[in-house]
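> Just passing along the structure, written as structure tokens.
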Amino acid sequence: MSEPFIPISRPFIGARERELVLDALDSGWVSSIGRYIDEFEDRFARYCGTEYALAVSNGTTGLHLALAALGLRPGDEVIVPDLTFVATANAVAYTGATPVLADVEPDTLCLDVASVRSLITPRTRAIMPVHLYGHPADMDALAAVAEAHGLAIIEDAAEAHGAEYKGRRVGGLGKCAVFSFYGNKVITTGEGGMLTTDDRAFYQRARRLRDHAMSPEKRYFHDERGFNYRITNLQAALGVAQLERIDEFLGRRAEIMDWYRAEIAAGESVRLNRVKNWARSAFWMVCLEVDWFDEARRAAFMQALKARGIDTRPYFCTMSSMPMYRQKPLPVAARKAQIGLNLPSYFELTRDDVRRIGASVNRLLRELSPA
Ligand SMILES: Cc1ncc(COP(=O)(O)O)c(C=O)c1O
């Protein structure tokens with residue numbers, strides 16, 4: 001009999017989630033007004049240690065809202081990593097500004113500060129570090145560059161709930177941060193996102209733009225173009241229940257990472273997530289890099305794992321390889337995009353599952369190795 005299929009990711013929805021979502025449903029407050037939205041925002045701000053949190057419809061709209069609130073316009077430039085999910089660069093482009101692609105560091109996979117520095121021009125307005133796969137970017141180094149040039153830092157924390165940089169939680173390390181609550185994230189609301197900030201004026205501006213930029217003095221009067229980027233009370237109820245368990249979820253992710261380290265024969269040319277001594281990773285994704293992979297070898301490896309009932313996903317493609325942002329490849333990002341992949345990690349993954357995955361990974365790496 002074949003063994004059960006192990007997906008790359010799966011949300012954990014328990015009795016508490018059901019209870020709060022049903023309570024929201026029964027209350028009749030099913031749209032974007034309701035007590036769970038206020039509660040979710042308050043609790044999330046407290047969790048991140050920020051003054052304000054603003055719930056939004058998803059991480060992508062959250063990023064767009066943050067950049068719109070910053071007042072970006074055509075001709076402005078925002079530095080983003082070449083290796084990220086496409087929403088980071090797209091959010092910049094939605095404002096009419098230009099995403100400028102920087103290379104990433106080989107170990108953290110986050111913005112390379114030297115690359116960022118080399119790309120600053122008089123048009124640069126902001127830097128958008130992405131805490132990729134849950135590992136925080138080197139924020140002090142980026143803050144020094146931002147300060148020297150008068151730039152805003154917008155953290156793309158879509159994948160990094162609970163991650164820490166030098167003991168401080170991500171979310172409060174720049175002008176603002178944006179999180180995603182998509183179904184595969186550390187906590188989920190189905191679709192959803194959150195903007196966090198300590199800046200009162202920025203928060204108020206983002207809040208107004210989230211809600212069609214309606215005039216507070218005159219209903220249905222709008223003196224500029226806003227958006228509907230609100231979350232629903234039903235989603236927020238799910239978020240409140242998930243947030244109650246975030247420490248447990250993060251603890252399990254770290255434990256799963258330890259299990260992988262015990263099972264997979266890593267070494268010089270086969271590597272799992274590397275974590276800087278100043279970082280606490282959220283381990284949103286388990287990362288495996290193999291130096292002798294190219295796209296074809298990686299595809300063969302992933303296919304063979306799939307045949308054994310184990311799901312994987314490749315690292316993100318670089319922005320510079322896509323038609324909208326095509327340019328000369330950046331060396332580290334381009335290489336990582338070819339040799340990296342993600343292995344399953346989710347709350348209900350068991351020690352035995354990881355044993356099974358590890359055994360298959362080790363066997364296939366031996367079989368497929370060109371050496
Ligand atoms: C780095 C990054 N930025 C932005 C997003 C966009 O979030 P969402 O899917 O909630 O729109 C995602 C996630 O999916 C992401 O991984």
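Just remember, in the structure tokens the first chain shown is A, the second B, etc., residues are 1-based per chain, and ligands are 1-based in the order shown.
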Select the residues contacting ligand 1 at a distance of at most 7 Å, based on only C-alpha atoms and all ligand atoms, then format the selection as a list in words.

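Sorted by chain and then by number, the residues are Asn58, Gly59, Thr60, Thr61, Thr84, Phe85, Ala87, Thr88, Val130, Leu132, Asp156, Ala157, Ala158, Glu159, Ser180, Phe181, Tyr182, Glu191, Gly192 and Gly193 of chain A.
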
> Atoms to include: N, CA and C atoms. Write the selected residues as a JSON list (two decimals), in the first residue's frame.


[["chain", "number", "residue", "atom", "x", "y", "z"],
["A", 58, "ASN", "N", -5.35, 41.38, 2.03],
["A", 58, "ASN", "CA", -4.27, 40.39, 1.85],
["A", 58, "ASN", "C", -2.92, 41.10, 1.91],
["A", 59, "GLY", "N", -1.86, 40.33, 1.83],
["A", 59, "GLY", "CA", -0.53, 40.93, 1.96],
["A", 59, "GLY", "C", -0.19, 41.85, 0.79],
["A", 60, "THR", "N", -0.67, 41.49, -0.39],
["A", 60, "THR", "CA", -0.36, 42.29, -1.57],
["A", 60, "THR", "C", -1.01, 43.67, -1.48],
["A", 61, "THR", "N", -2.30, 43.69, -1.10],
["A", 61, "THR", "CA", -2.97, 44.99, -0.95],
["A", 61, "THR", "C", -2.33, 45.77, 0.21],
["A", 84, "THR", "N", 12.28, 37.05, -4.43],
["A", 84, "THR", "CA", 11.13, 37.24, -3.53],
["A", 84, "THR", "C", 9.90, 36.73, -4.25],
["A", 85, "PHE", "N", 8.76, 36.77, -3.57],
["A", 85, "PHE", "CA", 7.50, 36.50, -4.26],
["A", 85, "PHE", "C", 7.14, 37.77, -5.05],
["A", 87, "ALA", "N", 4.74, 39.63, -5.54],
["A", 87, "ALA", "CA", 3.90, 40.71, -4.97],
["A", 87, "ALA", "C", 4.74, 41.87, -4.47],
["A", 88, "THR", "N", 5.96, 41.61, -3.99],
["A", 88, "THR", "CA", 6.82, 42.69, -3.48],
["A", 88, "THR", "C", 7.08, 43.72, -4.58],
["A", 130, "VAL", "N", 12.72, 41.95, 2.37],
["A", 130, "VAL", "CA", 11.78, 40.82, 2.54],
["A", 130, "VAL", "C", 12.44, 39.84, 3.50],
["A", 132, "LEU", "N", 12.82, 36.69, 3.92],
["A", 132, "LEU", "CA", 12.45, 35.57, 3.05],
["A", 132, "LEU", "C", 12.44, 34.22, 3.79],
["A", 156, "ASP", "N", 8.72, 43.83, 4.19],
["A", 156, "ASP", "CA", 7.80, 42.82, 3.69],
["A", 156, "ASP", "C", 7.97, 41.61, 4.60],
["A", 157, "ALA", "N", 7.08, 41.56, 5.60],
["A", 157, "ALA", "CA", 7.15, 40.51, 6.62],
["A", 157, "ALA", "C", 6.09, 39.44, 6.36],
["A", 158, "ALA", "N", 5.67, 39.33, 5.09],
["A", 158, "ALA", "CA", 4.58, 38.42, 4.72],
["A", 158, "ALA", "C", 4.84, 36.99, 5.20],
["A", 159, "GLU", "N", 6.14, 36.62, 5.30],
["A", 159, "GLU", "CA", 6.48, 35.22, 5.59],
["A", 159, "GLU", "C", 7.12, 35.06, 6.97],
["A", 180, "SER", "N", 1.25, 38.71, 5.70],
["A", 180, "SER", "CA", 0.21, 38.00, 4.94],
["A", 180, "SER", "C", -0.38, 36.91, 5.82],
["A", 181, "PHE", "N", -1.68, 36.67, 5.65],
["A", 181, "PHE", "CA", -2.33, 35.55, 6.37],
["A", 181, "PHE", "C", -2.93, 34.57, 5.38],
["A", 182, "TYR", "N", -2.29, 34.43, 4.23],
["A", 182, "TYR", "CA", -2.70, 33.42, 3.25],
["A", 182, "TYR", "C", -2.65, 32.03, 3.93],
["A", 191, "GLU", "N", -7.60, 34.50, 3.33],
["A", 191, "GLU", "CA", -6.87, 35.60, 2.70],
["A", 191, "GLU", "C", -6.86, 36.71, 3.74],
["A", 192, "GLY", "N", -5.79, 37.48, 3.80],
["A", 192, "GLY", "CA", -5.76, 38.57, 4.76],
["A", 192, "GLY", "C", -4.36, 39.10, 4.92],
["A", 193, "GLY", "N", -4.26, 40.25, 5.55],
["A", 193, "GLY", "CA", -2.94, 40.82, 5.79],
["A", 193, "GLY", "C", -3.01, 41.84, 6.91]]

> Which residues of range 202-286 of chain A have any atom within 10 Å of an atom in range 66-73 of chain A when counting only C-alpha atoms, and what is the closest pair of atoms for each, with the distance in Å to one decimal? Order the rows by chain and rising number and write it as JSON lines.


{"residue": "A:Phe202", "atom": "CA", "partner": "A:Ala69", "partner_atom": "CA", "distance": 6.7}
{"residue": "A:Tyr203", "atom": "CA", "partner": "A:Ala69", "partner_atom": "CA", "distance": 8.5}
{"residue": "A:Gln204", "atom": "CA", "partner": "A:Ala69", "partner_atom": "CA", "distance": 9.2}
{"residue": "A:Arg205", "atom": "CA", "partner": "A:Ala69", "partner_atom": "CA", "distance": 6.0}
{"residue": "A:Ala206", "atom": "CA", "partner": "A:Ala69", "partner_atom": "CA", "distance": 5.3}
{"residue": "A:Arg207", "atom": "CA", "partner": "A:Ala69", "partner_atom": "CA", "distance": 9.0}
{"residue": "A:Arg208", "atom": "CA", "partner": "A:Ala69", "partner_atom": "CA", "distance": 9.3}
{"residue": "A:Leu209", "atom": "CA", "partner": "A:Ala69", "partner_atom": "CA", "distance": 7.4}
{"residue": "A:Arg210", "atom": "CA", "partner": "A:Ala69", "partner_atom": "CA", "distance": 9.5}
{"residue": "A:Gly226", "atom": "CA", "partner": "A:Ala68", "partner_atom": "CA", "distance": 9.2}

> Go ahead and write the selection's residues with N, CA and C atoms as a compact mmCIF listing (two decimals), in the first residue's frame.


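Output (selection-v7.txt):
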# COMPACT_ATOMS: atom_id res chain seq x y z
N PHE A 202 1.13 58.15 9.66
CA PHE A 202 1.18 57.15 8.58
C PHE A 202 0.02 56.15 8.72
N TYR A 203 -0.22 55.72 9.95
CA TYR A 203 -1.34 54.79 10.22
C TYR A 203 -2.67 55.40 9.80
N GLN A 204 -2.86 56.66 10.18
CA GLN A 204 -4.14 57.31 9.87
C GLN A 204 -4.34 57.46 8.36
N ARG A 205 -3.24 57.77 7.70
CA ARG A 205 -3.30 57.92 6.24
C ARG A 205 -3.63 56.57 5.59
N ALA A 206 -2.95 55.52 6.03
CA ALA A 206 -3.19 54.19 5.46
C ALA A 206 -4.62 53.73 5.75
N ARG A 207 -5.11 54.06 6.93
CA ARG A 207 -6.46 53.65 7.31
C ARG A 207 -7.51 54.33 6.42
N ARG A 208 -7.28 55.58 6.15
CA ARG A 208 -8.19 56.33 5.29
C ARG A 208 -8.16 55.79 3.85
N LEU A 209 -6.96 55.52 3.35
CA LEU A 209 -6.84 55.00 1.98
C LEU A 209 -7.43 53.59 1.87
N ARG A 210 -7.34 52.82 2.95
CA ARG A 210 -7.91 51.46 2.94
C ARG A 210 -9.41 51.50 2.70
N GLY A 226 -8.98 56.35 -3.26
CA GLY A 226 -8.58 55.37 -2.26
C GLY A 226 -8.86 53.96 -2.76

> Please identify which residues in range 36-210 of chain A DSSP calls strand (DSSP E or B) from the backbone, and express them as a PyMOL selection string.

chain A and resi 52-56+77-81+83+98-102+104+111+124-127+130+152-156+164-165+168-169+176-180+182+190+193-197

> Take the residues just selected and output them with N, CA and C atoms as a CSV table (one decimal), in the first residue's frame.


chain,number,residue,atom,x,y,z
A,52,TYR,N,0.5,50.6,16.3
A,52,TYR,CA,-0.7,50.4,15.5
A,52,TYR,C,-0.6,49.2,14.6
A,53,ALA,N,-1.8,48.6,14.3
A,53,ALA,CA,-1.9,47.6,13.3
A,53,ALA,C,-3.2,47.8,12.5
A,54,LEU,N,-3.1,47.6,11.2
A,54,LEU,CA,-4.3,47.8,10.4
A,54,LEU,C,-4.5,46.6,9.5
A,55,ALA,N,-5.7,45.9,9.7
A,55,ALA,CA,-5.9,44.7,9.0
A,55,ALA,C,-6.4,45.0,7.6
A,56,VAL,N,-5.9,44.2,6.6
A,56,VAL,CA,-6.2,44.5,5.2
A,56,VAL,C,-6.6,43.1,4.5
A,77,GLU,N,11.8,55.5,-7.1
A,77,GLU,CA,12.4,54.1,-7.1
A,77,GLU,C,12.4,53.5,-5.7
A,78,VAL,N,12.1,52.2,-5.7
A,78,VAL,CA,12.1,51.5,-4.4
A,78,VAL,C,13.0,50.2,-4.6
A,79,ILE,N,13.9,50.0,-3.7
A,79,ILE,CA,14.8,48.9,-3.9
A,79,ILE,C,14.2,47.7,-3.2
A,80,VAL,N,14.1,46.6,-4.0
A,80,VAL,CA,13.5,45.3,-3.6
A,80,VAL,C,14.5,44.2,-3.9
A,81,PRO,N,14.4,43.1,-3.2
A,81,PRO,CA,15.2,42.0,-3.6
A,81,PRO,C,14.8,41.3,-4.9
A,83,LEU,N,15.2,38.2,-5.4
A,83,LEU,CA,14.6,36.9,-5.0
A,83,LEU,C,13.5,37.1,-4.0
A,98,THR,N,9.1,52.7,-9.6
A,98,THR,CA,9.9,51.6,-10.3
A,98,THR,C,10.6,50.7,-9.2
A,99,PRO,N,10.3,49.4,-9.3
A,99,PRO,CA,11.1,48.5,-8.4
A,99,PRO,C,12.5,48.3,-8.9
A,100,VAL,N,13.5,48.6,-8.1
A,100,VAL,CA,14.9,48.4,-8.5
A,100,VAL,C,15.4,47.2,-7.8
A,101,LEU,N,16.0,46.3,-8.6
A,101,LEU,CA,16.3,44.9,-8.0
A,101,LEU,C,17.7,44.8,-7.5
A,102,ALA,N,17.8,44.4,-6.2
A,102,ALA,CA,19.1,44.2,-5.6
A,102,ALA,C,19.3,42.7,-5.3
A,104,VAL,N,20.8,39.3,-3.3
A,104,VAL,CA,20.5,38.9,-1.9
A,104,VAL,C,21.8,38.2,-1.3
A,111,LEU,N,18.0,40.9,1.4
A,111,LEU,CA,18.7,41.9,0.8
A,111,LEU,C,20.2,42.0,1.1
A,124,THR,N,15.6,57.4,-5.4
A,124,THR,CA,15.3,56.3,-4.4
A,124,THR,C,14.5,56.9,-3.3
A,125,ARG,N,13.3,56.3,-3.0
A,125,ARG,CA,12.5,56.7,-1.9
A,125,ARG,C,12.4,55.8,-0.7
A,126,ALA,N,12.6,54.5,-1.1
A,126,ALA,CA,12.4,53.5,0.0
A,126,ALA,C,13.2,52.2,-0.3
A,127,ILE,N,13.4,51.4,0.8
A,127,ILE,CA,14.0,50.1,0.7
A,127,ILE,C,12.9,49.1,1.2
A,130,VAL,N,12.7,42.0,2.4
A,130,VAL,CA,11.8,40.8,2.5
A,130,VAL,C,12.4,39.8,3.5
A,152,ALA,N,12.7,55.6,3.4
A,152,ALA,CA,11.9,54.8,4.3
A,152,ALA,C,12.2,53.3,4.1
A,153,ILE,N,12.0,52.6,5.2
A,153,ILE,CA,12.1,51.1,5.1
A,153,ILE,C,10.7,50.6,5.3
A,154,ILE,N,10.2,49.8,4.4
A,154,ILE,CA,9.0,49.1,4.5
A,154,ILE,C,9.3,47.6,4.5
A,155,GLU,N,9.1,47.0,5.7
A,155,GLU,CA,9.4,45.5,5.8
A,155,GLU,C,8.3,44.7,5.1
A,156,ASP,N,8.7,43.8,4.2
A,156,ASP,CA,7.8,42.8,3.7
A,156,ASP,C,8.0,41.6,4.6
A,164,GLU,N,12.6,37.3,14.8
A,164,GLU,CA,13.2,38.3,15.6
A,164,GLU,C,14.6,38.7,15.0
A,165,TYR,N,14.8,40.0,15.0
A,165,TYR,CA,16.1,40.5,14.6
A,165,TYR,C,16.8,41.1,15.9
A,168,ARG,N,14.4,41.7,18.7
A,168,ARG,CA,13.2,42.5,18.4
A,168,ARG,C,12.4,41.9,17.3
A,169,ARG,N,11.1,41.8,17.6
A,169,ARG,CA,10.2,41.2,16.6
A,169,ARG,C,10.2,42.0,15.3
A,176,CYS,N,7.1,50.9,8.4
A,176,CYS,CA,6.0,50.1,8.6
A,176,CYS,C,6.3,48.7,8.1
A,177,ALA,N,5.5,47.7,8.4
A,177,ALA,CA,5.7,46.3,7.9
A,177,ALA,C,4.4,45.8,7.4
A,178,VAL,N,4.4,44.8,6.6
A,178,VAL,CA,3.2,44.2,6.1
A,178,VAL,C,3.3,42.6,6.2
A,179,PHE,N,2.3,42.0,6.7
A,179,PHE,CA,2.2,40.6,6.9
A,179,PHE,C,1.1,40.0,6.0
A,180,SER,N,1.3,38.7,5.7
A,180,SER,CA,0.2,38.0,4.9
A,180,SER,C,-0.4,36.9,5.8
A,182,TYR,N,-2.3,34.4,4.2
A,182,TYR,CA,-2.7,33.4,3.3
A,182,TYR,C,-2.6,32.0,3.9
A,190,GLY,N,-7.3,32.8,5.9
A,190,GLY,CA,-7.8,32.4,4.6
A,190,GLY,C,-7.1,33.3,3.5
A,193,GLY,N,-4.3,40.2,5.5
A,193,GLY,CA,-2.9,40.8,5.8
A,193,GLY,C,-3.0,41.8,6.9
A,194,MET,N,-1.9,42.3,7.3
A,194,MET,CA,-1.8,43.3,8.4
A,194,MET,C,-0.6,44.3,8.1
A,195,LEU,N,-0.9,45.6,8.3
A,195,LEU,CA,0.1,46.6,8.2
A,195,LEU,C,0.4,47.0,9.7
A,196,THR,N,1.7,47.1,10.1
A,196,THR,CA,2.0,47.5,11.4
A,196,THR,C,2.9,48.7,11.3
A,197,THR,N,2.8,49.6,12.3
A,197,THR,CA,3.6,50.8,12.3
A,197,THR,C,3.6,51.5,13.7

> Using only C-alpha atoms for the distances, tell me which of A:Tyr94, A:Phe249, A:Tyr325, A:Tyr47 is nearest to Leu349 in chain A.

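Of all the options, A:Phe249 lies closest to Leu349 in chain A.
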
> Do you have the CA of Asp140 in chain A-CA of Leu109 in chain A distance handy?

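Between CA of Asp140 in chain A and CA of Leu109 in chain A the gap is 16.3 Å.
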
> Taking only residues of range 119-219 of chain A that have an atom at most 9 Å from an atom of range 250-256 of chain A, what is each one's shortest atom pair and its distance in Å to one decimal, using only C-alpha atoms, in chain and number order, as CSV?


residue,atom,partner,partner_atom,distance
A:His161,CA,A:Leu250,CA,8.7
A:Gly162,CA,A:Leu250,CA,7.5
A:Ala163,CA,A:Leu250,CA,9.0
A:Val186,CA,A:Leu250,CA,7.4

> Pull the helix (DSSP H, G or I) assignments for range 120-314 of chain A out of DSSP run on the backbone, and list those residues as a PyMOL selection string.

chain A and resi 132-134+139-149+200-210+233-244+246-263+295-307

> Could you save the residues just selected, with C-alpha atoms, as an mmCIF file, in the first residue's frame?


data_model
loop_
_atom_site.group_PDB
_atom_site.id
_atom_site.type_symbol
_atom_site.label_atom_id
_atom_site.label_comp_id
_atom_site.auth_asym_id
_atom_site.auth_seq_id
_atom_site.Cartn_x
_atom_site.Cartn_y
_atom_site.Cartn_z
ATOM 1 C CA LEU A 132 12.455 35.566 3.055
ATOM 2 C CA TYR A 133 11.195 32.157 4.153
ATOM 3 C CA GLY A 134 10.975 33.524 7.707
ATOM 4 C CA MET A 139 17.895 45.515 9.485
ATOM 5 C CA ASP A 140 20.561 47.570 11.302
ATOM 6 C CA ALA A 141 22.767 47.653 8.221
ATOM 7 C CA LEU A 142 19.799 48.596 6.045
ATOM 8 C CA ALA A 143 18.654 51.226 8.553
ATOM 9 C CA ALA A 144 22.099 52.859 8.413
ATOM 10 C CA VAL A 145 21.864 53.117 4.615
ATOM 11 C CA ALA A 146 18.269 54.374 4.799
ATOM 12 C CA GLU A 147 19.167 56.991 7.366
ATOM 13 C CA ALA A 148 22.162 58.243 5.418
ATOM 14 C CA HIS A 149 19.984 58.812 2.343
ATOM 15 C CA ARG A 200 0.479 57.721 13.958
ATOM 16 C CA ALA A 201 0.148 59.967 10.905
ATOM 17 C CA PHE A 202 1.182 57.147 8.581
ATOM 18 C CA TYR A 203 -1.337 54.792 10.221
ATOM 19 C CA GLN A 204 -4.136 57.309 9.870
ATOM 20 C CA ARG A 205 -3.303 57.918 6.242
ATOM 21 C CA ALA A 206 -3.185 54.190 5.458
ATOM 22 C CA ARG A 207 -6.459 53.654 7.314
ATOM 23 C CA ARG A 208 -8.188 56.334 5.293
ATOM 24 C CA LEU A 209 -6.836 54.997 1.977
ATOM 25 C CA ARG A 210 -7.908 51.464 2.940
ATOM 26 C CA ASN A 233 -15.000 40.221 10.569
ATOM 27 C CA LEU A 234 -15.213 36.495 9.707
ATOM 28 C CA GLN A 235 -11.581 36.446 8.620
ATOM 29 C CA ALA A 236 -10.519 38.462 11.653
ATOM 30 C CA ALA A 237 -12.283 35.972 13.952
ATOM 31 C CA LEU A 238 -10.171 33.224 12.400
ATOM 32 C CA GLY A 239 -7.116 35.434 12.871
ATOM 33 C CA VAL A 240 -7.821 36.012 16.570
ATOM 34 C CA ALA A 241 -8.055 32.262 17.174
ATOM 35 C CA GLN A 242 -4.856 31.618 15.212
ATOM 36 C CA LEU A 243 -2.974 34.380 17.011
ATOM 37 C CA GLU A 244 -3.820 32.782 20.358
ATOM 38 C CA ILE A 246 1.126 31.545 17.411
ATOM 39 C CA ASP A 247 3.811 30.625 19.964
ATOM 40 C CA GLU A 248 2.820 26.990 19.693
ATOM 41 C CA PHE A 249 2.890 27.158 15.878
ATOM 42 C CA LEU A 250 6.330 28.797 15.867
ATOM 43 C CA GLY A 251 7.648 26.322 18.431
ATOM 44 C CA ARG A 252 6.538 23.424 16.256
ATOM 45 C CA ARG A 253 8.144 24.989 13.167
ATOM 46 C CA ALA A 254 11.467 25.240 15.016
ATOM 47 C CA GLU A 255 11.078 21.648 16.201
ATOM 48 C CA ILE A 256 10.362 20.449 12.653
ATOM 49 C CA MET A 257 13.511 22.240 11.511
ATOM 50 C CA ASP A 258 15.495 20.348 14.164
ATOM 51 C CA TRP A 259 13.985 17.068 12.959
ATOM 52 C CA TYR A 260 15.093 17.831 9.404
ATOM 53 C CA ARG A 261 18.590 18.672 10.617
ATOM 54 C CA ALA A 262 18.722 15.296 12.342
ATOM 55 C CA GLU A 263 17.474 13.395 9.280
ATOM 56 C CA GLU A 295 16.870 23.531 -12.953
ATOM 57 C CA ALA A 296 16.691 20.153 -14.717
ATOM 58 C CA ARG A 297 18.305 18.189 -11.878
ATOM 59 C CA ARG A 298 16.170 19.936 -9.286
ATOM 60 C CA ALA A 299 13.045 19.172 -11.320
ATOM 61 C CA ALA A 300 14.028 15.485 -11.530
ATOM 62 C CA PHE A 301 14.599 15.405 -7.766
ATOM 63 C CA MET A 302 11.252 17.057 -7.025
ATOM 64 C CA GLN A 303 9.485 14.720 -9.446
ATOM 65 C CA ALA A 304 11.036 11.679 -7.769
ATOM 66 C CA LEU A 305 9.922 12.929 -4.344
ATOM 67 C CA LYS A 306 6.422 13.520 -5.701
ATOM 68 C CA ALA A 307 6.358 9.915 -6.943
#

> Between A:Lys328, A:Lys175, A:Arg117, A:His64, which is the closest to Thr50 in chain A once you count only C-alpha atoms?

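Ranked by minimum distance to Thr50 in chain A, first place goes to A:Lys175.
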
> Enter the distance from CA of Met319 in chain A to CA of Pro129 in chain A, in Å, rounded to one decimal.

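Rounded to one decimal, the two atoms are 14.3 Å apart.
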
> Figure out the distance between CA of Asp107 in chain A and CA of Glu289 in chain A, please, to one decimal in Å.

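According to the coordinates, CA of Glu289 in chain A and CA of Asp107 in chain A are separated by 10.5 Å.
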
> I'd like to know which of A:Arg46, A:Lys166, A:Arg10, A:Arg335 is closest to Asp311 in chain A, using only C-alpha atoms.

A:Arg10

> Just checking: using only C-alpha atoms, which residue out of A:Leu20, A:Ala89, A:Glu348, A:Val113 ends up closest to Thr318 in chain A?

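Looking only at the distances to Thr318 in chain A, the closest residue turns out to be A:Ala89.
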
> Quick one: residues within 8 Å of Val332 in chain A, only C-alpha atoms counted, chain neighbours fewer than 5 positions away excluded, as a list of chain:residue names?

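With the cut-off at 8 Å, the set is A:Asp103, A:Val104, A:Glu105, A:Pro106.
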
> Please produce an output containing C-alpha atoms for each residue in the selection, written as a PDB file, in the first residue's frame.


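File produced: result37.pdb:
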ATOM      1  CA  ASP A 103      20.921  40.985  -5.021  1.00  0.00           C
ATOM      2  CA  VAL A 104      20.537  38.867  -1.883  1.00  0.00           C
ATOM      3  CA  GLU A 105      22.966  37.403   0.648  1.00  0.00           C
ATOM      4  CA  PRO A 106      23.869  33.757   0.081  1.00  0.00           C
TER       5      PRO A 106
END

> Using only C-alpha atoms, determine which residues lie at most 9 Å from Lys276 in chain A, disregarding the query and same-chain residues fewer than 5 positions distant; provide the list as a ChimeraX atom specification.

/A:107-108,135,281

> Could you check which of A:His212, A:Gly14, A:Ile231, A:Trp284 is closest to Asp38 in chain A, using only C-alpha atoms?

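Going through A:His212, A:Gly14, A:Ile231, A:Trp284 one by one, the smallest distance to Asp38 in chain A is for A:Ile231.
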